[in-house]
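**Student:** Before anything else, here's the structure in question.
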Amino acid sequence: MVNSKNILLLGSGFVAEPAVEYILRRPENKLTIASRTLKNAQALADKYPGTKAAECDINSDKAIADLVAQHDLVISLIPYIYHAKVIKAAVEHKKHVVTTSYVSPAMMEYDQAAKDAGVTVMNEIGLDPGIDHLYAVKTIEEVHNEGGKLLSFLSYCGGLPAPENSNNPLGYKFSWSARGVLLALRNTAKYIDNGKVITVEGPELMNSAKRIETGFPAYSFVGYPNRDSSGYSERYNIPEAQTVLRGTLRYDGFPEFVKALVDLGFLDDSEQAHLSASGSDIAWKDVVAKAAGANSSDEATLAKAIVAKANLSNSPRKDAILEGMRWIGFFSQTPVHRRGNLLDTLCATLEEKMQYEQGERDMVFLQHRFEIELKDGSHQTRTSTLVEYGDPSKYTAMAKTVGVPCGIAVQLILDGKLTKTGVLAPMTSDINNPIMELLEKENIGMVERIL
């Protein structure tokens with residue numbers, strides 16, 4: 001008889017269900033789904049017989065520790081700032097952990113304690129980070145084993161609406177907080193180009209976007225650097241690489257539209273009296289007139305002020321951007337949802353107008369491009385590409401490509417096939433190969449080509 005395994009899932013958001021479905025294929029796995037709000041956990045648990053729901057206050061160390069102590073392994077899909085609390089409790093009770101998040105310094109502090117306790121803390125095993133690591137490391141190790149060098153590594157990933165559903169000015173839809181998406185566009189980015197670390201300050205991030213040729217002419221993508229890629233020379237063991245960049249993909253037109261919003265002040269979250277929740281109704285056109293410094297809110301004056309403030313006079317996309325702003329409602333009498341500042345007021349409308357509708361599907365596109373010098377001195381370009389579409393009757397592409405790798409990592413730990421201890425990420429073939437083998441059985445994987 002197989003011993004039952006008790007698994008705790010913290011978080012019941014949209015990426016959780018594919019992980020739950022994968023884990024519960026094995027009858028010996030008993031799952032508790034815990035959420036800050038019991039009804040959210042119960043809604044997911046109700047779909048899977050034998051699964052329990054629990055409430056957990058993630059701000060309470062005791063509540064986390066009490067739940068962790070009752071299980072063999074904990075999956076943490078709560079916001080990343082709480083992972084260190086979970087790892088602390090898990091190490092104390094000698095329980096394994098799986099997260100899909102980047103390893104933070106706070107999480108890494110438990111590395112030695114996890115090793116001492118014989119605990120595996122597996123992180124970065126979703127899509128990006130996750131599947132991207134698996135296939136980057138695979139090719140890099142192959143090149144090194146053949147005596148070659150990696151000259152350049154470029155990787156771009158985008159979670160987007162499928163082309164037929166990219167029917168709005170940003171070519172984007174929100175499956176999570178619009179605020180989170182827009183705030184990420186203010187982050188400073190770093191990457192390595194020609195052996196030098198290049199820093200792109202947040203306000204310049206959209207200006208740095210450029211067209212990305214993927215070998216798929218039907219997709220018109222642009223990309224910009226994501227966070228700090230400079231550490232990947234070391235993480236991927238490619239000190240010889242002169243260019244290392246991990247970036248975000250969007251449809252063409254996205255950066256210019258966002259840049260216009262930035263120039264108008266719509267990514268500013270400082271308080272504005274006229275947008276106070278307790279204030280009087282105010283129309284979109286009056287909010288925009290104030291932001292653009294227009295002396296009138298009639299459409300012609302407003303358009304002229306927007307063009308001046310956002311430096312659109314010579315932009316080939318000027319008309320498309322103004323049309324997009326009209327679509328959002330910038331020239332209308334419609335009252336805004338007052339949220340205290342320009343950013344949150346804009347987000348309230350974007351979330352209303354840019355959700356996935358019934359029957360619409362999302363898409364994940366991930367591509368690595370490797371420039372390689374082979375042992376004989378000749379040069380070669382390789383690509384690894386993942387294109388995944390959501391199924392409106394089941395899972396989004398994003399949920400599937402994050403949740404399934406997470407579920408696979410959980411099962412490998414429970415089966416004793418992933419035994420390395422400490423705070424880990426998928427950076428070596430001994431961890432990665434078993435995960436890739438199972439991923440490909442789920443028809444998830446990157447297609448590799450030599451160009």
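In the structure tokens, each chain is lettered A, B, ... as it comes, each chain's residues begin at 1, and ligands are numbered from 1 in order of appearance.
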If we count only C-alpha atoms, what is near Asn3 of chain A at a cut-off of 12 Å, once residues fewer than 2 positions away on the same chain are taken out, given as a ChimeraX atom specification?

**Tutor:** /A:1,5-6,26-30,72,414-415

**Student:** Can you pull out the residues contacting Cys56 of chain A? Cut-off 12 Å, using only C-alpha atoms, and skip same-chain residues under 6 positions away; I want them as a list of chain:residue names.

**Tutor:**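 So, after excluding close chain neighbours, the residues are A:Leu8, A:Leu9, A:Leu10, A:Gly11, A:Ser12, A:Thr32, A:Ile33, A:Ala34, A:Ser35, A:Arg36, A:Thr37, A:Leu38, A:Lys39, A:Asn40, A:Ala41, A:Lys62, A:Ala63, A:Ile64, A:Ala65, A:Asp66, A:Leu67, A:Val68, A:Ile78, A:Val86.
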
**Student:** Store the residues of this selection in a file with N, CA and C atoms, as a compact mmCIF listing (two decimals), in the first residue's frame.

**Tutor:**
```
# COMPACT_ATOMS: atom_id res chain seq x y z
N LEU A 8 -0.03 20.81 1.31
CA LEU A 8 -0.69 22.08 1.60
C LEU A 8 -0.46 23.04 0.45
N LEU A 9 -1.53 23.57 -0.10
CA LEU A 9 -1.43 24.61 -1.13
C LEU A 9 -1.86 25.93 -0.52
N LEU A 10 -0.93 26.86 -0.41
CA LEU A 10 -1.26 28.21 0.06
C LEU A 10 -1.55 29.09 -1.15
N GLY A 11 -2.79 29.53 -1.29
CA GLY A 11 -3.18 30.35 -2.43
C GLY A 11 -4.11 29.59 -3.35
N SER A 12 -5.15 30.26 -3.83
CA SER A 12 -6.12 29.58 -4.70
C SER A 12 -6.38 30.40 -5.96
N THR A 32 -4.77 19.98 0.95
CA THR A 32 -5.49 21.05 1.66
C THR A 32 -5.22 22.35 0.92
N ILE A 33 -6.28 23.05 0.53
CA ILE A 33 -6.14 24.34 -0.15
C ILE A 33 -6.47 25.43 0.87
N ALA A 34 -5.50 26.29 1.13
CA ALA A 34 -5.69 27.34 2.14
C ALA A 34 -5.59 28.71 1.49
N SER A 35 -6.48 29.58 1.90
CA SER A 35 -6.50 30.94 1.36
C SER A 35 -6.85 31.89 2.49
N ARG A 36 -6.56 33.16 2.27
CA ARG A 36 -6.89 34.18 3.27
C ARG A 36 -8.41 34.18 3.49
N THR A 37 -9.16 33.93 2.39
CA THR A 37 -10.62 33.90 2.46
C THR A 37 -11.08 32.47 2.22
N LEU A 38 -11.76 31.90 3.20
CA LEU A 38 -12.16 30.49 3.14
C LEU A 38 -12.98 30.19 1.89
N LYS A 39 -13.88 31.10 1.51
CA LYS A 39 -14.76 30.80 0.37
C LYS A 39 -13.97 30.65 -0.93
N ASN A 40 -12.84 31.37 -1.05
CA ASN A 40 -12.00 31.21 -2.25
C ASN A 40 -11.36 29.83 -2.29
N ALA A 41 -10.87 29.38 -1.15
CA ALA A 41 -10.28 28.04 -1.06
C ALA A 41 -11.35 26.98 -1.31
N LYS A 62 2.12 32.04 13.29
CA LYS A 62 1.58 30.85 13.97
C LYS A 62 0.58 30.11 13.07
N ALA A 63 -0.28 30.86 12.40
CA ALA A 63 -1.27 30.23 11.52
C ALA A 63 -0.58 29.45 10.40
N ILE A 64 0.47 30.04 9.83
CA ILE A 64 1.22 29.36 8.77
C ILE A 64 1.90 28.11 9.34
N ALA A 65 2.58 28.28 10.47
CA ALA A 65 3.33 27.16 11.07
C ALA A 65 2.41 26.00 11.44
N ASP A 66 1.21 26.31 12.00
CA ASP A 66 0.28 25.26 12.40
C ASP A 66 -0.18 24.43 11.20
N LEU A 67 -0.44 25.09 10.08
CA LEU A 67 -0.85 24.38 8.87
C LEU A 67 0.30 23.58 8.26
N VAL A 68 1.47 24.22 8.18
CA VAL A 68 2.64 23.56 7.58
C VAL A 68 2.98 22.27 8.34
N ILE A 78 1.21 32.21 -2.79
CA ILE A 78 0.78 33.51 -2.26
C ILE A 78 1.80 34.56 -2.73
N VAL A 86 6.90 31.28 4.99
CA VAL A 86 6.52 29.88 4.75
C VAL A 86 7.74 28.97 4.85
```

**Student:** Given only C-alpha atoms as the basis, pick out the residue of A:Ala90, A:Ala189, A:Leu77, A:Ile328 nearest to Ala114 of chain A.

**Tutor:**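 Comparing A:Ala90, A:Ala189, A:Leu77, A:Ile328 against Ala114 of chain A, the winner is A:Ala90.
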
**Student:** What's the 8 Å shell around segment 196-208 of chain A, counting only C-alpha atoms, without same-chain residues fewer than 4 positions away, as an MDAnalysis selection string?

**Tutor:** chainID A and resid 185:192 224:225 230 242 255:256 258:259 262

**Student:** For segment 135-151 of chain A, find every residue with an atom within 8 Å (counting only C-alpha atoms), except residues of its own chain fewer than 4 positions away, and show them as a PyMOL selection string.

**Tutor:** chain A and resi 131+236+238+240-243+368+370-375+384+427-429+446

**Student:** Output N, CA and C atoms for every residue in the selection just made, as a PDB file, in the first residue's frame.

**Tutor:**
```pdb
ATOM      1  N   ILE A 131      10.017  27.316 -17.072  1.00  0.00           N
ATOM      2  CA  ILE A 131      10.264  26.651 -18.352  1.00  0.00           C
ATOM      3  C   ILE A 131      11.418  27.325 -19.091  1.00  0.00           C
ATOM      4  N   TYR A 236      23.492  31.176 -15.255  1.00  0.00           N
ATOM      5  CA  TYR A 236      23.475  30.218 -16.361  1.00  0.00           C
ATOM      6  C   TYR A 236      24.873  29.711 -16.721  1.00  0.00           C
ATOM      7  N   ILE A 238      27.511  31.278 -17.995  1.00  0.00           N
ATOM      8  CA  ILE A 238      27.962  31.715 -19.326  1.00  0.00           C
ATOM      9  C   ILE A 238      28.794  32.999 -19.198  1.00  0.00           C
ATOM     10  N   GLU A 240      31.358  33.748 -20.616  1.00  0.00           N
ATOM     11  CA  GLU A 240      31.922  34.147 -21.910  1.00  0.00           C
ATOM     12  C   GLU A 240      30.944  34.969 -22.751  1.00  0.00           C
ATOM     13  N   ALA A 241      29.654  34.968 -22.399  1.00  0.00           N
ATOM     14  CA  ALA A 241      28.639  35.636 -23.232  1.00  0.00           C
ATOM     15  C   ALA A 241      28.808  37.151 -23.175  1.00  0.00           C
ATOM     16  N   GLN A 242      28.842  37.767 -24.322  1.00  0.00           N
ATOM     17  CA  GLN A 242      28.992  39.222 -24.413  1.00  0.00           C
ATOM     18  C   GLN A 242      27.648  39.940 -24.335  1.00  0.00           C
ATOM     19  N   THR A 243      26.567  39.213 -24.617  1.00  0.00           N
ATOM     20  CA  THR A 243      25.224  39.789 -24.543  1.00  0.00           C
ATOM     21  C   THR A 243      24.320  38.827 -23.788  1.00  0.00           C
ATOM     22  N   HIS A 368      13.971  31.717 -26.741  1.00  0.00           N
ATOM     23  CA  HIS A 368      15.401  31.962 -26.503  1.00  0.00           C
ATOM     24  C   HIS A 368      16.102  32.013 -27.859  1.00  0.00           C
ATOM     25  N   PHE A 370      20.088  31.839 -29.126  1.00  0.00           N
ATOM     26  CA  PHE A 370      21.479  31.601 -28.721  1.00  0.00           C
ATOM     27  C   PHE A 370      22.397  31.852 -29.915  1.00  0.00           C
ATOM     28  N   GLU A 371      23.391  32.715 -29.746  1.00  0.00           N
ATOM     29  CA  GLU A 371      24.465  32.856 -30.742  1.00  0.00           C
ATOM     30  C   GLU A 371      25.669  32.098 -30.181  1.00  0.00           C
ATOM     31  N   ILE A 372      26.150  31.137 -30.966  1.00  0.00           N
ATOM     32  CA  ILE A 372      27.110  30.157 -30.451  1.00  0.00           C
ATOM     33  C   ILE A 372      28.373  30.132 -31.313  1.00  0.00           C
ATOM     34  N   GLU A 373      29.516  29.988 -30.658  1.00  0.00           N
ATOM     35  CA  GLU A 373      30.756  29.683 -31.373  1.00  0.00           C
ATOM     36  C   GLU A 373      31.080  28.221 -31.087  1.00  0.00           C
ATOM     37  N   LEU A 374      31.082  27.410 -32.131  1.00  0.00           N
ATOM     38  CA  LEU A 374      31.347  25.984 -31.962  1.00  0.00           C
ATOM     39  C   LEU A 374      32.833  25.730 -31.735  1.00  0.00           C
ATOM     40  N   LYS A 375      33.143  24.501 -31.364  1.00  0.00           N
ATOM     41  CA  LYS A 375      34.528  24.119 -31.040  1.00  0.00           C
ATOM     42  C   LYS A 375      35.480  24.418 -32.201  1.00  0.00           C
ATOM     43  N   SER A 384      14.966  28.322 -29.189  1.00  0.00           N
ATOM     44  CA  SER A 384      14.015  27.447 -28.496  1.00  0.00           C
ATOM     45  C   SER A 384      12.732  28.256 -28.347  1.00  0.00           C
ATOM     46  N   MET A 427      18.565  25.135 -12.242  1.00  0.00           N
ATOM     47  CA  MET A 427      19.759  25.640 -12.926  1.00  0.00           C
ATOM     48  C   MET A 427      20.739  24.546 -13.324  1.00  0.00           C
ATOM     49  N   THR A 428      20.386  23.281 -13.045  1.00  0.00           N
ATOM     50  CA  THR A 428      21.303  22.186 -13.385  1.00  0.00           C
ATOM     51  C   THR A 428      20.509  21.014 -13.951  1.00  0.00           C
ATOM     52  N   SER A 429      21.148  20.236 -14.819  1.00  0.00           N
ATOM     53  CA  SER A 429      20.440  19.172 -15.539  1.00  0.00           C
ATOM     54  C   SER A 429      19.909  18.085 -14.612  1.00  0.00           C
ATOM     55  N   MET A 446       9.582  23.475 -25.268  1.00  0.00           N
ATOM     56  CA  MET A 446      10.084  24.421 -26.254  1.00  0.00           C
ATOM     57  C   MET A 446      10.616  23.651 -27.458  1.00  0.00           C
TER      58      MET A 446
END
```

**Student:** From a backbone DSSP assignment, name each residue in segment 44-145 of chain A labelled helix (DSSP H, G or I), as a PyMOL selection string.

**Tutor:** chain A and resi 44-45+61-69+80-92+105-108+111-117+131-145

**Student:** Could you turn the residues from that selection into a file that holds N, CA and C atoms, as a short mmCIF file (atom, residue, chain, number, x, y, z; two decimals), in the first residue's frame?

**Tutor:**
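To be explicit, this is the file written out as again_0.cif:
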```cif
data_model
loop_
_atom_site.label_atom_id
_atom_site.label_comp_id
_atom_site.auth_asym_id
_atom_site.auth_seq_id
_atom_site.Cartn_x
_atom_site.Cartn_y
_atom_site.Cartn_z
N LEU A 44 -12.36 26.32 -5.04
CA LEU A 44 -11.46 25.43 -5.78
C LEU A 44 -11.56 24.00 -5.24
N ALA A 45 -11.63 23.85 -3.91
CA ALA A 45 -11.71 22.52 -3.30
C ALA A 45 -12.98 21.79 -3.75
N ASP A 61 2.46 34.25 11.65
CA ASP A 61 3.47 33.19 11.63
C ASP A 61 2.92 31.89 12.23
N LYS A 62 2.12 32.04 13.29
CA LYS A 62 1.58 30.85 13.97
C LYS A 62 0.58 30.11 13.07
N ALA A 63 -0.28 30.86 12.40
CA ALA A 63 -1.27 30.23 11.52
C ALA A 63 -0.58 29.45 10.40
N ILE A 64 0.47 30.04 9.83
CA ILE A 64 1.22 29.36 8.77
C ILE A 64 1.90 28.11 9.34
N ALA A 65 2.58 28.28 10.47
CA ALA A 65 3.33 27.16 11.07
C ALA A 65 2.41 26.00 11.44
N ASP A 66 1.21 26.31 12.00
CA ASP A 66 0.28 25.26 12.40
C ASP A 66 -0.18 24.43 11.20
N LEU A 67 -0.44 25.09 10.08
CA LEU A 67 -0.85 24.38 8.87
C LEU A 67 0.30 23.58 8.26
N VAL A 68 1.47 24.22 8.18
CA VAL A 68 2.64 23.56 7.58
C VAL A 68 2.98 22.27 8.34
N ALA A 69 2.89 22.33 9.67
CA ALA A 69 3.28 21.19 10.50
C ALA A 69 2.46 19.94 10.20
N TYR A 80 4.89 36.86 -3.30
CA TYR A 80 6.28 36.43 -3.02
C TYR A 80 6.83 37.00 -1.72
N ILE A 81 6.32 38.13 -1.27
CA ILE A 81 6.86 38.74 -0.04
C ILE A 81 6.62 37.85 1.18
N TYR A 82 5.69 36.87 1.07
CA TYR A 82 5.40 35.99 2.21
C TYR A 82 6.14 34.65 2.16
N HIS A 83 6.84 34.39 1.06
CA HIS A 83 7.48 33.06 0.92
C HIS A 83 8.48 32.78 2.04
N ALA A 84 9.23 33.80 2.45
CA ALA A 84 10.25 33.57 3.49
C ALA A 84 9.61 33.08 4.79
N LYS A 85 8.42 33.61 5.12
CA LYS A 85 7.69 33.14 6.31
C LYS A 85 7.36 31.65 6.19
N VAL A 86 6.90 31.28 4.99
CA VAL A 86 6.52 29.88 4.75
C VAL A 86 7.74 28.97 4.85
N ILE A 87 8.85 29.40 4.23
CA ILE A 87 10.08 28.60 4.25
C ILE A 87 10.59 28.44 5.69
N LYS A 88 10.51 29.52 6.46
CA LYS A 88 10.95 29.47 7.86
C LYS A 88 10.19 28.38 8.62
N ALA A 89 8.85 28.38 8.47
CA ALA A 89 8.02 27.38 9.16
C ALA A 89 8.33 25.98 8.63
N ALA A 90 8.51 25.87 7.32
CA ALA A 90 8.76 24.55 6.72
C ALA A 90 10.09 23.96 7.18
N VAL A 91 11.10 24.79 7.25
CA VAL A 91 12.42 24.31 7.69
C VAL A 91 12.35 23.86 9.15
N GLU A 92 11.65 24.64 9.98
CA GLU A 92 11.52 24.27 11.40
C GLU A 92 10.83 22.92 11.57
N PRO A 105 16.47 37.49 -1.71
CA PRO A 105 17.49 37.40 -0.64
C PRO A 105 16.90 36.87 0.67
N ALA A 106 15.65 37.27 0.98
CA ALA A 106 15.02 36.82 2.24
C ALA A 106 14.80 35.31 2.22
N MET A 107 14.48 34.76 1.05
CA MET A 107 14.29 33.30 0.92
C MET A 107 15.64 32.60 1.01
N MET A 108 16.66 33.18 0.38
CA MET A 108 17.98 32.56 0.32
C MET A 108 18.63 32.46 1.70
N ASP A 111 18.82 28.95 3.13
CA ASP A 111 19.46 27.89 2.35
C ASP A 111 20.18 26.88 3.24
N GLN A 112 21.04 27.38 4.12
CA GLN A 112 21.81 26.45 4.96
C GLN A 112 20.91 25.72 5.93
N ALA A 113 19.93 26.44 6.49
CA ALA A 113 19.01 25.79 7.44
C ALA A 113 18.22 24.69 6.75
N ALA A 114 17.83 24.93 5.49
CA ALA A 114 17.09 23.91 4.72
C ALA A 114 17.97 22.69 4.48
N LYS A 115 19.25 22.94 4.15
CA LYS A 115 20.18 21.81 3.95
C LYS A 115 20.35 21.02 5.25
N ASP A 116 20.53 21.75 6.35
CA ASP A 116 20.71 21.08 7.64
C ASP A 116 19.49 20.24 8.01
N ALA A 117 18.30 20.73 7.61
CA ALA A 117 17.05 20.03 7.94
C ALA A 117 16.70 18.95 6.92
N ILE A 131 10.02 27.32 -17.07
CA ILE A 131 10.26 26.65 -18.35
C ILE A 131 11.42 27.33 -19.09
N ASP A 132 11.49 28.66 -18.97
CA ASP A 132 12.61 29.39 -19.62
C ASP A 132 13.95 28.87 -19.12
N HIS A 133 14.10 28.68 -17.80
CA HIS A 133 15.36 28.16 -17.25
C HIS A 133 15.68 26.76 -17.80
N LEU A 134 14.67 25.91 -17.82
CA LEU A 134 14.89 24.51 -18.19
C LEU A 134 15.58 24.40 -19.55
N TYR A 135 15.04 25.15 -20.53
CA TYR A 135 15.55 25.01 -21.90
C TYR A 135 16.76 25.90 -22.17
N ALA A 136 16.94 26.95 -21.39
CA ALA A 136 18.17 27.74 -21.50
C ALA A 136 19.35 26.89 -21.02
N VAL A 137 19.20 26.31 -19.84
CA VAL A 137 20.27 25.50 -19.26
C VAL A 137 20.57 24.29 -20.15
N LYS A 138 19.53 23.68 -20.73
CA LYS A 138 19.71 22.51 -21.60
C LYS A 138 20.65 22.84 -22.76
N THR A 139 20.33 23.92 -23.48
CA THR A 139 21.16 24.28 -24.64
C THR A 139 22.56 24.71 -24.21
N ILE A 140 22.64 25.50 -23.15
CA ILE A 140 23.95 26.00 -22.68
C ILE A 140 24.85 24.82 -22.28
N GLU A 141 24.29 23.84 -21.57
CA GLU A 141 25.09 22.67 -21.17
C GLU A 141 25.51 21.86 -22.40
N GLU A 142 24.62 21.74 -23.38
CA GLU A 142 24.96 21.02 -24.62
C GLU A 142 26.14 21.70 -25.33
N VAL A 143 26.04 23.03 -25.45
CA VAL A 143 27.10 23.79 -26.15
C VAL A 143 28.43 23.62 -25.43
N HIS A 144 28.42 23.77 -24.10
CA HIS A 144 29.65 23.64 -23.32
C HIS A 144 30.22 22.22 -23.41
N ASN A 145 29.33 21.21 -23.36
CA ASN A 145 29.79 19.82 -23.43
C ASN A 145 30.41 19.48 -24.78
#
```

**Student:** Env of Ala273 of chain A: 12 Å cut, atoms = only C-alpha atoms, seq-sep filter 5 positions within chain, self excluded. Answer as a PDB file with N, CA and C atoms, in the first residue's frame.

**Tutor:**
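Now in around-v7.pdb:
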```pdb
ATOM      1  N   SER A 278     -14.119  60.637  -2.136  1.00  0.00           N
ATOM      2  CA  SER A 278     -15.230  61.375  -1.513  1.00  0.00           C
ATOM      3  C   SER A 278     -15.581  62.647  -2.284  1.00  0.00           C
ATOM      4  N   GLY A 279     -14.887  62.888  -3.404  1.00  0.00           N
ATOM      5  CA  GLY A 279     -15.118  64.118  -4.176  1.00  0.00           C
ATOM      6  C   GLY A 279     -16.331  64.027  -5.083  1.00  0.00           C
ATOM      7  N   SER A 280     -16.504  65.053  -5.888  1.00  0.00           N
ATOM      8  CA  SER A 280     -17.633  65.104  -6.824  1.00  0.00           C
ATOM      9  C   SER A 280     -17.281  64.332  -8.088  1.00  0.00           C
ATOM     10  N   ILE A 282     -16.442  63.546 -11.797  1.00  0.00           N
ATOM     11  CA  ILE A 282     -15.666  64.313 -12.783  1.00  0.00           C
ATOM     12  C   ILE A 282     -15.555  63.471 -14.050  1.00  0.00           C
ATOM     13  N   VAL A 287     -10.630  65.215 -16.518  1.00  0.00           N
ATOM     14  CA  VAL A 287      -9.418  64.659 -15.894  1.00  0.00           C
ATOM     15  C   VAL A 287      -8.241  64.769 -16.868  1.00  0.00           C
ATOM     16  N   LYS A 290      -6.934  68.343 -17.367  1.00  0.00           N
ATOM     17  CA  LYS A 290      -6.082  68.761 -16.249  1.00  0.00           C
ATOM     18  C   LYS A 290      -4.685  68.131 -16.379  1.00  0.00           C
ATOM     19  N   ARG A 338     -13.241  57.362  -9.407  1.00  0.00           N
ATOM     20  CA  ARG A 338     -12.237  58.127  -8.653  1.00  0.00           C
ATOM     21  C   ARG A 338     -11.524  57.213  -7.659  1.00  0.00           C
ATOM     22  N   ARG A 339     -10.209  57.093  -7.825  1.00  0.00           N
ATOM     23  CA  ARG A 339      -9.418  56.199  -6.965  1.00  0.00           C
ATOM     24  C   ARG A 339      -8.276  56.939  -6.279  1.00  0.00           C
ATOM     25  N   GLY A 340      -8.374  58.270  -6.226  1.00  0.00           N
ATOM     26  CA  GLY A 340      -7.408  59.041  -5.447  1.00  0.00           C
ATOM     27  C   GLY A 340      -6.202  59.526  -6.218  1.00  0.00           C
ATOM     28  N   ASN A 341      -5.835  58.832  -7.311  1.00  0.00           N
ATOM     29  CA  ASN A 341      -4.673  59.238  -8.101  1.00  0.00           C
ATOM     30  C   ASN A 341      -4.902  58.819  -9.551  1.00  0.00           C
ATOM     31  N   LEU A 342      -4.041  59.320 -10.437  1.00  0.00           N
ATOM     32  CA  LEU A 342      -4.230  59.055 -11.863  1.00  0.00           C
ATOM     33  C   LEU A 342      -4.039  57.574 -12.208  1.00  0.00           C
TER      34      LEU A 342
END
```

**Student:** Where does DSSP see strand (DSSP E) in segment 321-444 of chain A, if you list the residues as an MDAnalysis selection string?

**Tutor:** chainID A and resid 362:373 379:389 422:424

**Student:** Next, the residues of the selection above should be written as a PDB file, in the first residue's frame with C-alpha atoms.

**Tutor:**
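Okay, out.pdb is ready:
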```pdb
ATOM      1  CA  ASP A 362      -4.800  33.973 -24.094  1.00  0.00           C
ATOM      2  CA  MET A 363      -1.417  33.043 -25.524  1.00  0.00           C
ATOM      3  CA  VAL A 364       2.073  32.520 -24.123  1.00  0.00           C
ATOM      4  CA  PHE A 365       5.035  33.091 -26.428  1.00  0.00           C
ATOM      5  CA  LEU A 366       8.544  32.379 -25.129  1.00  0.00           C
ATOM      6  CA  GLN A 367      11.687  32.313 -27.240  1.00  0.00           C
ATOM      7  CA  HIS A 368      15.401  31.962 -26.503  1.00  0.00           C
ATOM      8  CA  ARG A 369      17.943  32.934 -29.152  1.00  0.00           C
ATOM      9  CA  PHE A 370      21.479  31.601 -28.721  1.00  0.00           C
ATOM     10  CA  GLU A 371      24.465  32.856 -30.742  1.00  0.00           C
ATOM     11  CA  ILE A 372      27.110  30.157 -30.451  1.00  0.00           C
ATOM     12  CA  GLU A 373      30.756  29.683 -31.373  1.00  0.00           C
ATOM     13  CA  HIS A 379      29.209  30.278 -35.646  1.00  0.00           C
ATOM     14  CA  GLN A 380      25.671  28.982 -35.207  1.00  0.00           C
ATOM     15  CA  THR A 381      22.290  30.401 -34.171  1.00  0.00           C
ATOM     16  CA  ARG A 382      19.815  28.270 -32.259  1.00  0.00           C
ATOM     17  CA  THR A 383      16.320  29.072 -31.019  1.00  0.00           C
ATOM     18  CA  SER A 384      14.015  27.447 -28.496  1.00  0.00           C
ATOM     19  CA  THR A 385      10.359  28.470 -28.818  1.00  0.00           C
ATOM     20  CA  LEU A 386       7.172  27.830 -26.851  1.00  0.00           C
ATOM     21  CA  VAL A 387       3.784  28.896 -28.234  1.00  0.00           C
ATOM     22  CA  GLU A 388       0.851  27.909 -26.045  1.00  0.00           C
ATOM     23  CA  TYR A 389      -2.799  28.930 -26.388  1.00  0.00           C
ATOM     24  CA  GLY A 422      18.519  23.864   0.218  1.00  0.00           C
ATOM     25  CA  VAL A 423      16.878  26.846  -1.502  1.00  0.00           C
ATOM     26  CA  LEU A 424      16.976  25.861  -5.185  1.00  0.00           C
TER      27      LEU A 424
END
```

**Student:** Please tabulate, as CSV, the residues of segment 277-333 of chain A that come within 8 Å of segment 163-170 of chain A, each with its closest pair of atoms and the distance in Å to one decimal, counting only C-alpha atoms and ordering rows by chain, then residue number upward.

**Tutor:**
```
residue,atom,partner,partner_atom,distance
A:Ala320,CA,A:Pro169,CA,7.9
A:Ile321,CA,A:Pro169,CA,7.5
A:Gly324,CA,A:Pro169,CA,4.8
A:Met325,CA,A:Pro169,CA,7.9
A:Trp327,CA,A:Pro169,CA,7.6
```

**Student:** Find the residues around segment 283-286 of chain A up to 7 Å (only C-alpha atoms counted), leave out those fewer than 2 positions away in its own chain, and share them as a PyMOL selection string.

**Tutor:** chain A and resi 281+288-290+297+329-336

**Student:** Deliver the residues from the most recent selection as a file, using N, CA and C atoms, as a compact mmCIF listing (two decimals), in the first residue's frame.

**Tutor:**
```
# COMPACT_ATOMS: atom_id res chain seq x y z
N ASP A 281 -18.34 63.89 -8.80
CA ASP A 281 -18.12 63.24 -10.09
C ASP A 281 -17.33 64.15 -11.02
N VAL A 288 -8.49 64.42 -18.12
CA VAL A 288 -7.42 64.44 -19.13
C VAL A 288 -6.99 65.87 -19.42
N ALA A 289 -7.94 66.81 -19.47
CA ALA A 289 -7.60 68.22 -19.70
C ALA A 289 -6.65 68.72 -18.61
N LYS A 290 -6.93 68.34 -17.37
CA LYS A 290 -6.08 68.76 -16.25
C LYS A 290 -4.68 68.13 -16.38
N SER A 297 -11.86 71.42 -22.41
CA SER A 297 -11.97 69.97 -22.60
C SER A 297 -12.74 69.61 -23.86
N GLY A 329 -11.96 56.31 -23.43
CA GLY A 329 -12.97 57.25 -22.95
C GLY A 329 -12.41 58.61 -22.60
N PHE A 330 -11.17 58.88 -22.96
CA PHE A 330 -10.50 60.12 -22.57
C PHE A 330 -11.23 61.39 -23.05
N PHE A 331 -11.96 61.30 -24.15
CA PHE A 331 -12.63 62.49 -24.68
C PHE A 331 -14.12 62.53 -24.30
N SER A 332 -14.52 61.64 -23.40
CA SER A 332 -15.95 61.47 -23.13
C SER A 332 -16.41 62.19 -21.88
N GLN A 333 -17.75 62.24 -21.76
CA GLN A 333 -18.39 62.80 -20.56
C GLN A 333 -18.51 61.75 -19.46
N THR A 334 -18.11 60.53 -19.74
CA THR A 334 -18.25 59.45 -18.76
C THR A 334 -17.51 59.79 -17.47
N PRO A 335 -18.17 59.70 -16.31
CA PRO A 335 -17.46 59.97 -15.06
C PRO A 335 -16.39 58.89 -14.81
N VAL A 336 -15.24 59.30 -14.31
CA VAL A 336 -14.18 58.33 -13.99
C VAL A 336 -14.52 57.61 -12.69
```

**Student:** Excluding Ile413 of chain A and any residue of its chain fewer than 3 positions from it, enumerate the residues within 12 Å of it, using only C-alpha atoms, and give them as number ranges by chain.

**Tutor:** A: 5, 7, 23, 72-75, 95-98, 119-122, 406-410, 416-421, 431, 434-435

**Student:** One decimal, Å: what's the distance from atom CA of Leu249 of chain A over to atom CA of Ile212 of chain A, could you say?

**Tutor:**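 These atoms are spaced 8.2 Å apart.
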
**Student:** Which one is closest to Glu360 of chain A: A:Ser220, A:Ser393, A:Asn237, A:Asn433? Count only C-alpha atoms.

**Tutor:**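 The closest residue to Glu360 of chain A is A:Ser393.
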